[in-house]
Each structure stands twice: as structure tokens, then as C-alpha cells.
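Colleague: Next comes the structure file my_file-v3.json, holding JSON, C-alpha atoms.
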[["chain", "number", "residue", "atom", "x", "y", "z"],
["H", 12, "MET", "CA", 26.43, -47.30, -44.32],
["H", 13, "THR", "CA", 24.10, -47.22, -41.35],
["H", 14, "GLU", "CA", 26.80, -48.47, -38.98],
["H", 15, "HIS", "CA", 29.19, -45.77, -40.19],
["H", 16, "PHE", "CA", 26.57, -43.12, -39.54],
["H", 17, "GLU", "CA", 25.83, -44.56, -36.10],
["H", 18, "ASP", "CA", 29.56, -44.44, -35.30],
["H", 19, "GLU", "CA", 29.59, -40.78, -36.34],
["H", 20, "LEU", "CA", 26.66, -40.22, -34.03],
["H", 21, "ARG", "CA", 28.42, -41.93, -31.12],
["H", 22, "ARG", "CA", 31.45, -39.70, -31.70],
["H", 23, "ALA", "CA", 29.25, -36.61, -31.87],
["H", 24, "LEU", "CA", 27.53, -37.60, -28.64],
["H", 25, "ARG", "CA", 30.59, -38.36, -26.57],
["H", 26, "PRO", "CA", 29.91, -37.66, -22.89],
["H", 27, "VAL", "CA", 30.89, -34.18, -21.79],
["H", 28, "LYS", "CA", 32.60, -33.39, -18.52],
["H", 29, "ALA", "CA", 30.59, -31.87, -15.72],
["H", 30, "PRO", "CA", 31.61, -28.27, -14.96],
["H", 31, "ALA", "CA", 34.44, -27.83, -12.48],
["H", 32, "GLY", "CA", 33.19, -27.74, -8.90],
["H", 33, "PHE", "CA", 29.85, -29.31, -9.80],
["H", 34, "ALA", "CA", 29.98, -31.97, -7.08],
["H", 35, "GLU", "CA", 30.89, -29.35, -4.45],
["H", 36, "ARG", "CA", 27.94, -27.20, -5.49],
["H", 37, "VAL", "CA", 25.61, -30.21, -5.26],
["H", 38, "MET", "CA", 26.91, -31.00, -1.77],
["H", 39, "ARG", "CA", 26.40, -27.39, -0.68],
["H", 40, "ALA", "CA", 22.81, -27.48, -1.98],
["H", 41, "LEU", "CA", 21.94, -30.54, 0.13],
["H", 42, "PRO", "CA", 20.04, -30.06, 3.37],
["H", 43, "GLU", "CA", 22.19, -30.02, 6.52],
["H", 44, "ARG", "CA", 21.11, -33.45, 7.64],
["H", 45, "ARG", "CA", 19.50, -36.20, 5.62],
["H", 46, "GLU", "CA", 17.22, -36.85, 8.59],
["H", 47, "SER", "CA", 15.56, -33.51, 7.96],
["H", 48, "ILE", "CA", 14.00, -34.74, 4.71],
["H", 49, "VAL", "CA", 13.59, -38.41, 5.53],
["H", 50, "THR", "CA", 11.38, -39.09, 8.54],
["H", 51, "PRO", "CA", 13.47, -41.04, 11.02],
["H", 52, "ILE", "CA", 12.16, -44.43, 12.06],
["H", 53, "ALA", "CA", 12.34, -43.41, 15.73],
["H", 54, "ALA", "CA", 10.15, -40.39, 15.10],
["H", 55, "LYS", "CA", 7.67, -42.57, 13.28],
["H", 56, "SER", "CA", 7.44, -45.06, 16.15],
["H", 57, "THR", "CA", 7.13, -42.51, 18.97],
["H", 58, "ALA", "CA", 4.50, -40.41, 17.26],
["H", 59, "ARG", "CA", 1.16, -41.14, 18.92],
["H", 60, "PRO", "CA", -1.16, -42.92, 16.51],
["H", 61, "PRO", "CA", -4.59, -41.36, 16.15],
["H", 62, "ASN", "CA", -7.29, -42.76, 18.43],
["H", 63, "TYR", "CA", -9.22, -45.72, 16.98],
["H", 64, "TRP", "CA", -12.58, -43.95, 17.26],
["H", 65, "GLN", "CA", -11.12, -40.70, 15.97],
["H", 66, "ARG", "CA", -9.98, -42.48, 12.83],
["H", 67, "LEU", "CA", -13.39, -44.14, 12.41],
["H", 68, "ARG", "CA", -15.40, -41.01, 13.15],
["H", 69, "ALA", "CA", -15.80, -39.78, 9.59],
["H", 70, "PRO", "CA", -16.60, -43.19, 8.03],
["H", 71, "ALA", "CA", -19.02, -43.95, 10.89],
["H", 72, "ALA", "CA", -20.83, -40.63, 10.41],
["H", 73, "LEU", "CA", -21.09, -41.31, 6.69],
["H", 74, "ALA", "CA", -22.44, -44.83, 7.28],
["H", 75, "ALA", "CA", -24.97, -43.55, 9.82],
["H", 76, "SER", "CA", -26.16, -40.85, 7.41],
["H", 77, "LEU", "CA", -26.59, -43.40, 4.67],
["H", 78, "MET", "CA", -28.53, -45.77, 6.94],
["H", 79, "LEU", "CA", -30.79, -42.94, 8.13],
["H", 80, "ALA", "CA", -31.50, -41.94, 4.53],
["H", 81, "VAL", "CA", -32.36, -45.52, 3.62],
["H", 82, "LEU", "CA", -34.70, -45.94, 6.63],
["H", 83, "LEU", "CA", -36.45, -42.63, 5.93],
["H", 84, "GLY", "CA", -36.90, -43.62, 2.31],
["H", 85, "GLN", "CA", -38.40, -46.96, 3.30],
["H", 86, "ARG", "CA", -40.77, -45.30, 5.80],
["H", 87, "MET", "CA", -41.98, -42.79, 3.22],
["H", 88, "ALA", "CA", -42.53, -45.57, 0.68],
["H", 89, "VAL", "CA", -44.64, -47.58, 3.18],
["H", 90, "GLN", "CA", -46.73, -44.52, 4.07],
["H", 91, "GLN", "CA", -47.34, -43.75, 0.40],
["H", 92, "GLN", "CA", -48.38, -47.36, -0.21],
["H", 93, "GLN", "CA", -50.82, -47.28, 2.72],
["H", 94, "GLN", "CA", -52.35, -43.99, 1.47],
["H", 95, "ASP", "CA", -52.73, -45.46, -2.02],
["H", 96, "GLU", "CA", -54.40, -48.61, -0.64],
["H", 97, "ALA", "CA", -56.87, -46.55, 1.51],
["H", 98, "ALA", "CA", -57.79, -44.35, -1.45],
["H", 99, "GLY", "CA", -58.33, -47.42, -3.63],
["H", 100, "LEU", "CA", -60.55, -49.06, -1.01],
["H", 101, "ALA", "CA", -62.69, -45.92, -0.64],
["H", 102, "ALA", "CA", -63.08, -45.65, -4.40],
["H", 103, "SER", "CA", -64.15, -49.29, -4.71],
["H", 104, "GLN", "CA", -66.70, -48.86, -1.88],
["H", 105, "GLU", "CA", -68.16, -45.81, -3.62],
["H", 106, "LEU", "CA", -68.38, -47.75, -6.83],
["H", 107, "LEU", "CA", -70.14, -50.67, -5.12],
["H", 108, "GLN", "CA", -72.61, -48.27, -3.50],
["H", 109, "ALA", "CA", -73.33, -46.66, -6.85],
["H", 110, "LEU", "CA", -73.89, -50.06, -8.45],
["H", 111, "ARG", "CA", -76.17, -51.07, -5.62],
["H", 112, "VAL", "CA", -78.33, -47.93, -6.03],
["H", 113, "THR", "CA", -78.44, -48.38, -9.78],
["H", 114, "SER", "CA", -79.52, -51.99, -9.36],
["H", 115, "GLN", "CA", -82.34, -51.01, -7.03],
["H", 116, "LYS", "CA", -83.59, -48.39, -9.47],
["H", 117, "LEU", "CA", -83.51, -50.88, -12.31],
["H", 118, "ASP", "CA", -85.48, -53.39, -10.21],
["H", 119, "LEU", "CA", -88.15, -50.77, -9.55],
["H", 120, "ALA", "CA", -88.37, -49.87, -13.21],
["H", 121, "TYR", "CA", -88.64, -53.52, -14.19],
["H", 122, "GLN", "CA", -91.46, -54.08, -11.68],
["H", 123, "ALA", "CA", -93.29, -51.04, -12.97],
["H", 124, "VAL", "CA", -93.09, -52.27, -16.55],
["H", 125, "LYS", "CA", -94.07, -55.82, -15.65],
["H", 126, "ASN", "CA", -97.04, -54.94, -13.39],
["H", 127, "PRO", "CA", -98.58, -51.66, -14.61],
["H", 128, "PRO", "CA", -101.16, -50.00, -12.25],
["H", 129, "GLU", "CA", -104.91, -50.98, -12.88],
["H", 130, "ALA", "CA", -106.35, -47.46, -12.93],
["H", 131, "GLU", "CA", -104.20, -46.39, -15.66],
["H", 132, "THR", "CA", -105.47, -49.34, -17.81],
["H", 133, "GLU", "CA", -109.13, -48.32, -17.35],
["H", 134, "GLU", "CA", -108.43, -44.75, -18.33],
["H", 135, "ASN", "CA", -106.80, -45.92, -21.49],
["H", 136, "ARG", "CA", -109.85, -47.94, -22.50],
["H", 137, "SER", "CA", -112.24, -45.05, -22.07],
["L", 15, "MET", "CA", 32.65, -48.17, -6.09],
["L", 16, "PRO", "CA", 32.41, -50.19, -2.89],
["L", 17, "ASP", "CA", 29.19, -52.06, -2.16],
["L", 18, "ASP", "CA", 28.70, -50.34, 1.17],
["L", 19, "LEU", "CA", 28.80, -46.90, -0.42],
["L", 20, "LEU", "CA", 25.04, -46.82, -0.72],
["L", 21, "LEU", "CA", 24.59, -47.95, 2.87],
["L", 22, "ARG", "CA", 26.92, -45.23, 4.13],
["L", 23, "ALA", "CA", 25.19, -42.60, 2.01],
["L", 24, "ARG", "CA", 21.82, -43.77, 3.33],
["L", 25, "ALA", "CA", 23.16, -43.50, 6.86],
["L", 26, "GLY", "CA", 23.84, -39.81, 6.21],
["L", 27, "HIS", "CA", 27.59, -39.88, 5.48],
["L", 28, "ALA", "CA", 28.19, -36.83, 3.29],
["L", 29, "THR", "CA", 31.48, -38.16, 1.95],
["L", 30, "ALA", "CA", 29.75, -41.30, 0.65],
["L", 31, "PHE", "CA", 27.13, -39.25, -1.14],
["L", 32, "ALA", "CA", 29.86, -37.00, -2.56],
["L", 33, "GLU", "CA", 31.57, -40.11, -3.96],
["L", 34, "ILE", "CA", 28.31, -41.10, -5.68],
["L", 35, "VAL", "CA", 27.99, -37.61, -7.18],
["L", 36, "GLU", "CA", 31.61, -37.67, -8.39],
["L", 37, "ALA", "CA", 31.14, -41.09, -9.99],
["L", 38, "HIS", "CA", 27.91, -40.23, -11.83],
["L", 39, "GLN", "CA", 28.14, -36.50, -12.50],
["L", 40, "GLY", "CA", 29.56, -36.99, -16.00],
["L", 41, "SER", "CA", 26.72, -39.22, -17.15],
["L", 42, "VAL", "CA", 23.97, -37.13, -15.59],
["L", 43, "PHE", "CA", 25.40, -33.81, -16.81],
["L", 44, "SER", "CA", 25.97, -35.23, -20.32],
["L", 45, "ILE", "CA", 22.37, -36.39, -20.61],
["L", 46, "ALA", "CA", 21.14, -33.00, -19.40],
["L", 47, "TYR", "CA", 23.50, -31.11, -21.72],
["L", 48, "ARG", "CA", 22.67, -33.16, -24.84],
["L", 49, "MET", "CA", 18.98, -32.79, -24.12],
["L", 50, "LEU", "CA", 18.97, -29.06, -23.34],
["L", 51, "ASN", "CA", 22.03, -27.86, -25.33],
["L", 52, "ASN", "CA", 22.72, -25.30, -22.64],
["L", 53, "ARG", "CA", 25.40, -25.68, -19.97],
["L", 54, "ALA", "CA", 23.77, -23.52, -17.30],
["L", 55, "GLN", "CA", 20.40, -25.22, -17.66],
["L", 56, "ALA", "CA", 22.08, -28.62, -17.81],
["L", 57, "GLU", "CA", 23.90, -27.91, -14.55],
["L", 58, "ASP", "CA", 20.65, -26.87, -12.86],
["L", 59, "LEU", "CA", 18.92, -30.00, -14.10],
["L", 60, "ALA", "CA", 21.79, -32.28, -13.07],
["L", 61, "GLN", "CA", 21.77, -30.69, -9.62],
["L", 62, "ASP", "CA", 18.01, -31.38, -9.37],
["L", 63, "VAL", "CA", 18.65, -35.01, -10.24],
["L", 64, "PHE", "CA", 21.17, -35.43, -7.42],
["L", 65, "LEU", "CA", 18.92, -33.62, -4.94],
["L", 66, "GLN", "CA", 16.12, -36.05, -5.86],
["L", 67, "LEU", "CA", 18.56, -38.91, -5.42],
["L", 68, "TYR", "CA", 19.40, -37.64, -1.93],
["L", 69, "ARG", "CA", 15.74, -37.76, -1.02],
["L", 70, "LYS", "CA", 15.18, -41.19, -2.58],
["L", 71, "LEU", "CA", 18.34, -42.97, -1.45],
["L", 72, "ASP", "CA", 16.29, -45.47, 0.52],
["L", 73, "ALA", "CA", 14.60, -46.63, -2.69],
["L", 74, "ILE", "CA", 17.89, -47.44, -4.46],
["L", 75, "GLU", "CA", 18.49, -51.17, -4.32],
["L", 76, "SER", "CA", 22.00, -51.49, -5.73],
["L", 77, "LEU", "CA", 24.72, -49.61, -7.56],
["L", 78, "ASP", "CA", 23.40, -50.94, -10.90],
["L", 79, "HIS", "CA", 19.98, -49.67, -9.96],
["L", 80, "LEU", "CA", 21.56, -46.34, -9.02],
["L", 81, "GLY", "CA", 22.95, -45.83, -12.55],
["L", 82, "PHE", "CA", 19.64, -46.78, -14.13],
["L", 83, "TRP", "CA", 17.72, -44.52, -11.73],
["L", 84, "LEU", "CA", 19.95, -41.52, -12.47],
["L", 85, "ARG", "CA", 19.66, -41.95, -16.26],
["L", 86, "ARG", "CA", 15.91, -42.39, -15.96],
["L", 87, "VAL", "CA", 15.35, -39.32, -13.80],
["L", 88, "ALA", "CA", 17.74, -37.14, -15.80],
["L", 89, "SER", "CA", 16.06, -38.08, -19.11],
["L", 90, "ASN", "CA", 12.55, -37.60, -17.85],
["L", 91, "LEU", "CA", 13.32, -34.31, -16.10],
["L", 92, "ALA", "CA", 14.91, -33.07, -19.33],
["L", 93, "ILE", "CA", 11.86, -34.12, -21.37],
["L", 94, "ASP", "CA", 9.57, -32.30, -18.93],
["L", 95, "TRP", "CA", 11.86, -29.25, -19.03],
["L", 96, "LEU", "CA", 11.80, -29.16, -22.85],
["L", 97, "ARG", "CA", 8.03, -29.60, -22.99],
["L", 98, "ARG", "CA", 7.59, -26.59, -20.71],
["L", 99, "LEU", "CA", 9.71, -24.38, -22.98],
["L", 100, "PRO", "CA", 8.01, -22.37, -25.73],
["L", 101, "TYR", "CA", 8.27, -24.21, -29.04],
["L", 102, "THR", "CA", 11.50, -23.63, -30.93],
["L", 103, "THR", "CA", 12.62, -25.60, -33.94],
["L", 104, "THR", "CA", 16.28, -25.55, -33.00],
["L", 105, "GLN", "CA", 17.94, -25.28, -29.63],
["L", 106, "PRO", "CA", 21.08, -23.17, -29.93],
["L", 107, "LEU", "CA", 24.16, -25.26, -29.27],
["L", 108, "ASP", "CA", 26.10, -23.96, -26.32],
["L", 109, "GLU", "CA", 29.79, -23.41, -26.81],
["L", 110, "GLY", "CA", 32.50, -24.73, -24.58],
["L", 111, "ALA", "CA", 31.35, -28.19, -23.66],
["L", 112, "GLU", "CA", 34.44, -30.18, -22.92],
["L", 113, "VAL", "CA", 34.26, -33.75, -24.17],
["L", 114, "ALA", "CA", 35.33, -36.43, -21.75],
["L", 115, "ALA", "CA", 37.64, -38.17, -24.20],
["L", 116, "ALA", "CA", 39.09, -36.90, -27.44],
["L", 117, "ALA", "CA", 38.69, -39.05, -30.54],
["L", 118, "THR", "CA", 41.53, -39.38, -33.00],
["L", 119, "ASP", "CA", 39.44, -39.61, -36.18],
["L", 120, "ASP", "CA", 36.93, -36.96, -35.22],
["L", 121, "ASP", "CA", 35.37, -34.55, -37.69],
["L", 122, "PRO", "CA", 34.56, -31.55, -35.47],
["L", 123, "LEU", "CA", 32.27, -29.93, -38.02],
["L", 124, "MET", "CA", 30.22, -33.09, -38.49],
["L", 125, "SER", "CA", 30.08, -33.81, -34.76],
["L", 126, "ARG", "CA", 28.94, -30.30, -34.01],
["L", 127, "GLU", "CA", 26.31, -30.38, -36.75],
["L", 128, "LEU", "CA", 25.03, -33.78, -35.61],
["L", 129, "ALA", "CA", 24.75, -32.56, -32.04],
["L", 130, "ARG", "CA", 22.91, -29.46, -33.27],
["L", 131, "LEU", "CA", 20.52, -31.48, -35.43],
["L", 132, "LEU", "CA", 19.81, -33.75, -32.50],
["L", 133, "GLY", "CA", 18.39, -30.67, -30.80],
["L", 134, "GLU", "CA", 15.77, -30.46, -33.54],
["L", 135, "LEU", "CA", 14.27, -33.82, -32.61],
["L", 136, "ALA", "CA", 11.21, -34.03, -30.39],
["L", 137, "PRO", "CA", 12.08, -34.39, -26.67],
["L", 138, "ALA", "CA", 11.22, -38.09, -26.37],
["L", 139, "ALA", "CA", 13.06, -39.01, -29.57],
["L", 140, "ARG", "CA", 16.04, -36.96, -28.43],
["L", 141, "ALA", "CA", 16.12, -38.79, -25.10],
["L", 142, "VAL", "CA", 16.03, -42.14, -26.91],
["L", 143, "MET", "CA", 18.98, -41.11, -29.12],
["L", 144, "VAL", "CA", 21.00, -39.76, -26.19],
["L", 145, "LEU", "CA", 20.51, -42.94, -24.15],
["L", 146, "ARG", "CA", 21.29, -45.10, -27.17],
["L", 147, "TYR", "CA", 24.31, -43.35, -28.68],
["L", 148, "GLN", "CA", 25.78, -41.41, -25.78],
["L", 149, "GLU", "CA", 25.05, -43.73, -22.88],
["L", 150, "ASP", "CA", 25.24, -46.89, -25.06],
["L", 151, "ARG", "CA", 22.13, -48.41, -23.47],
["L", 152, "ASP", "CA", 20.17, -51.27, -25.03],
["L", 153, "ILE", "CA", 16.60, -51.05, -26.26],
["L", 154, "ALA", "CA", 15.09, -52.76, -23.19],
["L", 155, "GLU", "CA", 16.76, -50.39, -20.75],
["L", 156, "ILE", "CA", 15.81, -47.31, -22.78],
["L", 157, "ALA", "CA", 12.22, -48.54, -22.88],
["L", 158, "ALA", "CA", 12.21, -49.04, -19.10],
["L", 159, "ALA", "CA", 13.86, -45.68, -18.42],
["L", 160, "LEU", "CA", 11.45, -43.73, -20.59],
["L", 161, "ASP", "CA", 8.31, -45.79, -19.85],
["L", 162, "MET", "CA", 7.68, -46.64, -23.48],
["L", 163, "PRO", "CA", 7.29, -49.92, -25.37],
["L", 164, "ALA", "CA", 10.45, -51.39, -26.93],
["L", 165, "ASN", "CA", 8.92, -51.10, -30.40],
["L", 166, "THR", "CA", 8.38, -47.37, -29.85],
["L", 167, "VAL", "CA", 12.06, -47.02, -28.91],
["L", 168, "LYS", "CA", 13.08, -48.86, -32.10],
["L", 169, "SER", "CA", 10.74, -46.70, -34.13],
["L", 170, "HIS", "CA", 12.19, -43.50, -32.61],
["L", 171, "ILE", "CA", 15.72, -44.66, -33.41],
["L", 172, "LYS", "CA", 14.87, -45.58, -37.00],
["L", 173, "ARG", "CA", 13.01, -42.36, -37.73],
["L", 174, "SER", "CA", 15.58, -40.18, -35.98],
["L", 175, "LEU", "CA", 18.47, -41.78, -37.89],
["L", 176, "THR", "CA", 16.63, -41.24, -41.16],
["L", 177, "ALA", "CA", 15.88, -37.62, -40.29],
["L", 178, "LEU", "CA", 19.44, -36.89, -39.16],
["L", 179, "ARG", "CA", 20.93, -38.53, -42.27],
["L", 180, "SER", "CA", 18.72, -36.59, -44.64],
["L", 181, "ARG", "CA", 19.54, -33.33, -42.87],
["L", 182, "MET", "CA", 23.24, -34.07, -43.01],
["L", 183, "ILE", "CA", 22.93, -34.72, -46.75],
["L", 184, "GLY", "CA", 20.89, -31.52, -47.09],
["L", 185, "ALA", "CA", 23.63, -29.60, -45.29],
["L", 186, "LYS", "CA", 26.18, -31.25, -47.65],
["L", 187, "LEU", "CA", 28.15, -32.60, -44.71],
["L", 188, "ILE", "CA", 27.83, -36.11, -46.09],
["L", 189, "THR", "CA", 26.88, -37.45, -49.49],
["L", 190, "ALA", "CA", 24.34, -40.10, -50.27],
["L", 191, "GLU", "CA", 27.19, -42.24, -51.63],
["L", 192, "GLU", "CA", 28.86, -42.24, -48.22],
["L", 193, "LEU", "CA", 25.77, -43.82, -46.76],
["L", 194, "SER", "CA", 25.15, -46.40, -49.46]]
What's the C-alpha cells form of this structure?
Modeller:
Amino acid sequence: MTEHFEDELRRALRPVKAPAGFAERVMRALPERRESIVTPIAAKSTARPPNYWQRLRAPAALAASLMLAVLLGQRMAVQQQQQDEAAGLAASQELLQALRVTSQKLDLAYQAVKNPPEAETEENRS
Amino acid sequence: MPDDLLLRARAGHATAFAEIVEAHQGSVFSIAYRMLNNRAQAEDLAQDVFLQLYRKLDAIESLDHLGFWLRRVASNLAIDWLRRLPYTTTQPLDEGAEVAAAATDDDPLMSRELARLLGELAPAARAVMVLRYQEDRDIAEIAAALDMPANTVKSHIKRSLTALRSRMIGAKLITAEELS
């Protein structure tokens, strides 16, 4: 039966005695004073706490670096945008100028076709 | 054990701590010995447990908590110890372990073989069996001590019992009829 086997197991696993002198050996292995491994409360309270600004120095430096990086990034983005806008404006002005010149040339051509010179007409007749 | 024993030990009274060691050395050494099957290693491990206790005395809330804490640390240190060892299928059973109380209807051959076969179980399963059948702890406490779900503890017990039974039958120390 399962219970019978479990009883056998309990008998087989009866607690064994610790070796003679075990407790004495443990006590000899302990540090001289418990205070040497546990920080005494008095020592904790008299120890000077680190200065407020000293404790915040590293986080403040990190925050300042991050802010500087963000500001620089923003500045560079604005400059790039301004350069892009100026280049676009110049290109559009060039295009308008080209269109204007083309329009003038077309007007001249149209006038020439519409009102041909007289001399040329006489020559053609002869 | 008086209630103020812990307080005196915390205050640095060596005699109070010695009383704690005397009261719990059997349990801690037994867990270490059943896990490692080696008296010298078990003594080293048990000594480590009490040194850790000395450092953590402030965290012990009560004498009940003390017993639980010692079983928990001893089991887990033993599991870590076994996992660091190179893999062996069977830990040799050390001779000379003196049982705390003699049983009248004991079968020494069967007890010895069962203890040896226990050494073939995986470390976690072995710890579960030691806490269950040597320390007589319930499932909930074993689960808390070994940081495992209660169902895992039950599963370890069931599988370990089956494995031990079949090995005992294989070694012809018991017959299948005896178990049915």
C-alpha cells in the first residue's frame, strides 16, 4: 500500500544526530562580535550623509546633457528648414523669370506671324 | 525555547545563539546529510546555514519563523551545492550516520537502500522528499520553502514515490504484492 511505503520512507529518513561538538564548532566560526557584521544603528546615525548637491550632481549633469542635446537638435532642424525654404524661393524665382522670358519671346513670334513685314510680301510677288 | 531567546541572540548574547544552534542542529544537519549523503559536506553546509542565520538574525520574526527559515536555507543551499557538483547518477551513502531515535520495527537493509535511492533523485525532488518524509512538513510549507507551486510539490512527491517503489521492486527488496 502507498501508506505502508510512505511509512517505510519515514523510517528510512529518520533525522540523524549532528556530529559531536558541532554547536561548539559553529560558535567558534562566528565573528567575535555580532556588531562587526551588522552595522550598528549608532554608526548609521552618526555617519555624515552625503551633501544634497553631491548626491544630485550626476543626475543633474545627465539632465543638463540631455537638455543641451535637445536644444542643439532643435536649432539644427530650424537652420535646415530655413536653408530649404531659401533654396525653394530662389528656385521658384528662377522659374518665374524663365517663364517671363519665354512669354516675351512667344509674344514677339506671334506679332511677327500676325503682321508680316511689307517688303517681304512684294518680293514674293515678283 | 523561551520567547526572548531571539531578542537576546539579536542583542549579541553568544549563549542565546548557542541555544538556538543546539535546538536546531539536528534538523539542519539531517536535511544537509540526506541531501548530500556525506557527513563532512553536510557539516560544512549546516555550519554555513548557521553562519547565515547569525547575519540575518534581525530578519527572523519568531521562533516558528526561525524553524522555517533554517529548513528553507538548508534545503536551498543543498540544492545549489548539488547543482554545482559534476553529474553523478548515485551519491555514495556515507557510513556512520547515527539516527536520532531507533525504531523497533526497522528493516535496516530497506532503510539503507531507500536512503541510497533517494540520492538518485534530482536535487529539487530530493529536497521535497526530505522535507516531506524526514521533516514531516505539509505541502504548503514545502512549496514556500522551495519557492515552487504546491502542484509542483505534489507532482514531485508522486513521481518520486513511483520511482522509488519501482526501484525497490527492481532490487527485490519489496514485491509488487506488498504494495498492492
Colleague: Would you mind telling me which residue in L:Gln39, L:Ser169, L:Gln66, L:Ser44 lies nearest to Pro42 of chain H when using all atoms listed in the file?
Modeller: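 Ranking L:Gln39, L:Ser169, L:Gln66, L:Ser44 by distance to Pro42 of chain H, first place goes to L:Gln66.
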Colleague: Quick one, how far is atom CA of Arg140 of chain L from atom CA of Ile93 of chain L?
Modeller: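 Atom-to-atom, atom CA of Arg140 of chain L to atom CA of Ile93 of chain L, that is 8.7 Å.
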Colleague: How far is it from atom CA of Arg126 of chain L to atom CA of Val35 of chain L, in Å with one decimal?
Modeller: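 Answer for the atom CA of Arg126 of chain L to atom CA of Val35 of chain L separation: 27.8 Å.
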Colleague: What lies within 7 Å of segment 78-91 of chain L using all atoms listed in the file, ignoring chain neighbours under 6 positions off, as an NGL selection string?
Modeller: :L and (42 or 45-46 or 60 or 63 or 141 or 159-160)
Colleague: Kindly give the distance, in Å, that separates atom CA of Asp58 of chain L and atom CA of Ala138 of chain L, rounded to a single decimal.
Modeller: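 According to the coordinates, atom CA of Asp58 of chain L and atom CA of Ala138 of chain L are separated by 19.9 Å.
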Colleague: For a quick check of understanding, using all atoms listed in the file, which of H:Glu105, H:Pro128, H:Val37, H:Val27 has the smallest distance to Asp62 of chain L?
Modeller: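 Ranking H:Glu105, H:Pro128, H:Val37, H:Val27 by distance to Asp62 of chain L, first place goes to H:Val37.
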Colleague: Which residue, L:Ala25, L:Met162, L:Ala139, L:Ile183, has the smallest gap to chain H when you use only C-alpha atoms?
Modeller: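 So, comparing all the options, the nearest one is L:Ala25.
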